Amino acid sequence: MQMVFHLGVHATDGDRLLKTLLNNRDWLMQHGTDIITPNRHRGLFEEALMSLNGGRASAEMQQIMLDAVLNADSPERAVFSTPTFMGAPGRVVGQAGLYPQMGARAAALANLFPDHEVEFFLAMRNPASLIAEVLPVFTGGGYHVLMQGRQPLELRWRDAIQGLLRAVPGRRVVIWCHEDVPLIWPEIARLAGNIPPEAPLKGAMMYLEDILTGAGLAELKESLAAQDQMTIARRRDLSSQMIRDHGLPAVLDQVIDLPGWTQDLVDRVTAQYRADVAEIAVLPGVEFVLP
């Protein structure tokens, strides 16, 4: 069976992938894909991970977990999506930088089902906006505690993803940038759910509904409906145009207000993030979704 873990990360997709796939649950169930909501495995996985302590689950243990979480009898693919796979918000930064535990956590999840094909899906986000979004929900002691003594320019996605790949060699790893999701969300959902391009997809505009004015959203839907056999490139062009013309400034323009962060520092962190993305996109073992 194909076991798909959507790792998040914090302040990226939240439960949107889960909601999108649940919107298409009838089609998915008919075609062998089971969508597992967090309430089905919450507590069970945590207990199993603690018990295994990084070890591999036995065939008997795997079957017990599958019997507990699956909705279908014998699906070909099961998708798990929850923001807590990467831990609490305080786990964003560690002594070694950005998500230093990502590889270990992914390996532990893979070891829950070592006899199956395990895949990992995750979004990356500009560390500047990531920290700005996580800080308000971090309850462990404020900015300096969250940063664990790391400097902003030490928050490298390159290091985190390389650690992930080393920890789960041979596993499928699908990555994208959170900043691109309004344009690529249908492709992300189809990859996670194994939904072919010709199949209908409900909820494909979930992100665009959040960032477009009502008039812009209506115009986009009208434009999409007026064209037959819409290509991915054409759909993205239309979406980009609507975002430029009808995007909500309050949603699109994020203010980075963090202790000691200047505009110059934000620009340097952003440039470094873009360099990391370019490097990660071509790493062997990475399936990168570009807009």
# chains A, B, ... in the order shown; residues from 1 in each chain; ligands from 1
>>> residues_around(residues="Gly55 of chain A", least_positions_apart="4", cutoff="10 Å", atoms="only C-alpha atoms", output="ChimeraX atom specification")
/A:49-51,107-108,110-112,114
>>> residues_around(residues="His31 of chain A", least_positions_apart="5", cutoff="12 Å", atoms="only C-alpha atoms", output="list in words")
Asn24, Arg25, Asp26, Ala72, Ser74, Pro75, Glu76, Arg77, Ala78, Gly193, Asn194, Ile195, Pro196 and Ala199 of chain A
>>> select_by_dssp(residues="segment 18-256 of chain A", states="strand (DSSP E)", output="PyMOL selection string")
chain A and resi 33-36+77-81+93-94+97-98+117-124+172-177
>>> closest_residue(among="A:Ala281, A:Ile211, A:Ala218, A:Ala226", to="Val251 of chain A", atoms="only C-alpha atoms")
A:Ile211
>>> residues_around(residues="Lys202 of chain A", least_positions_apart="6", cutoff="9 Å", atoms="only C-alpha atoms", output="PDB file with all heavy atoms, in the first residue's frame")
ATOM      1  N   THR A  20      -9.517  19.567   0.921  1.00  0.00           N
ATOM      2  CA  THR A  20      -9.647  19.407  -0.523  1.00  0.00           C
ATOM      3  C   THR A  20      -9.863  17.946  -0.885  1.00  0.00           C
ATOM      4  O   THR A  20     -10.735  17.617  -1.710  1.00  0.00           O
ATOM      5  CB  THR A  20      -8.392  19.944  -1.239  1.00  0.00           C
ATOM      6  OG1 THR A  20      -8.209  21.327  -0.916  1.00  0.00           O
ATOM      7  CG2 THR A  20      -8.523  19.804  -2.754  1.00  0.00           C
ATOM      8  N   LEU A  21      -9.090  17.064  -0.292  1.00  0.00           N
ATOM      9  CA  LEU A  21      -9.234  15.643  -0.600  1.00  0.00           C
ATOM     10  C   LEU A  21     -10.561  15.099  -0.084  1.00  0.00           C
ATOM     11  O   LEU A  21     -11.194  14.260  -0.739  1.00  0.00           O
ATOM     12  CB  LEU A  21      -8.061  14.862  -0.011  1.00  0.00           C
ATOM     13  CG  LEU A  21      -6.690  15.179  -0.635  1.00  0.00           C
ATOM     14  CD1 LEU A  21      -5.591  14.386   0.060  1.00  0.00           C
ATOM     15  CD2 LEU A  21      -6.685  14.908  -2.132  1.00  0.00           C
ATOM     16  N   ASN A  23     -13.263  16.734   0.026  1.00  0.00           N
ATOM     17  CA  ASN A  23     -14.260  17.198  -0.947  1.00  0.00           C
ATOM     18  C   ASN A  23     -14.393  16.243  -2.123  1.00  0.00           C
ATOM     19  O   ASN A  23     -15.413  16.238  -2.820  1.00  0.00           O
ATOM     20  CB  ASN A  23     -13.881  18.589  -1.479  1.00  0.00           C
ATOM     21  CG  ASN A  23     -14.191  19.695  -0.501  1.00  0.00           C
ATOM     22  OD1 ASN A  23     -15.011  19.530   0.400  1.00  0.00           O
ATOM     23  ND2 ASN A  23     -13.527  20.824  -0.655  1.00  0.00           N
ATOM     24  N   ASN A  24     -13.334  15.456  -2.327  1.00  0.00           N
ATOM     25  CA  ASN A  24     -13.312  14.508  -3.446  1.00  0.00           C
ATOM     26  C   ASN A  24     -13.318  13.061  -2.961  1.00  0.00           C
ATOM     27  O   ASN A  24     -12.920  12.149  -3.692  1.00  0.00           O
ATOM     28  CB  ASN A  24     -12.060  14.762  -4.296  1.00  0.00           C
ATOM     29  CG  ASN A  24     -12.052  16.134  -4.934  1.00  0.00           C
ATOM     30  OD1 ASN A  24     -12.596  16.339  -6.003  1.00  0.00           O
ATOM     31  ND2 ASN A  24     -11.430  17.103  -4.260  1.00  0.00           N
TER      32      ASN A  24
END
>>> closest_residue(among="A:Phe45, A:Gln227, A:Ile131, A:Glu219", to="Tyr143 of chain A", atoms="only C-alpha atoms")
A:Ile131
>>> closest_residue(among="A:Ile280, A:Leu66, A:Ala215, A:Leu18", to="Pro83 of chain A", atoms="only C-alpha atoms")
A:Leu18
>>> residues_around(residues="Phe80 of chain A", least_positions_apart="2", cutoff="10 Å", atoms="only C-alpha atoms", output="PyMOL selection string")
chain A and resi 3-7+17-18+34-38+40-41+69+78+82+85+120-121+192
>>> select_by_dssp(residues="segment 60-161 of chain A", states="helix (DSSP H, G or I)", output="PyMOL selection string")
chain A and resi 60-69+83-86+89-91+102-110+127-137+143-147+152-154+157-161
>>> residues_around(residues="Ser240 of chain A", least_positions_apart="3", cutoff="12 Å", atoms="only C-alpha atoms", output="list in words")
Asp180, Val181, Pro182, Leu183, Ile184, Leu208, Ile211, Leu212, Gly216, Leu217, Leu220, Ala233, Arg234, Arg235, Arg236, Asp237, Ile243, Arg244, Asp245, His246, Gly247 and Pro291 of chain A
>>> closest_residue(among="A:Val174, A:Val79, A:Met205, A:Leu153", to="Met124 of chain A", atoms="only C-alpha atoms")
A:Val174
>>> residues_around(residues="Asp73 of chain A", least_positions_apart="5", cutoff="12 Å", atoms="only C-alpha atoms", output="VMD selection string")
chain A and resid 1 29 32 to 34 63 66 to 68 78
>>> atom_distance(atom1="atom CA of Tyr273 of chain A", atom2="atom CA of Leu191 of chain A")
24.4 Å
>>> residues_around(residues="Val93 of chain A", least_positions_apart="6", cutoff="9 Å", atoms="only C-alpha atoms", output="count of residues only")
7
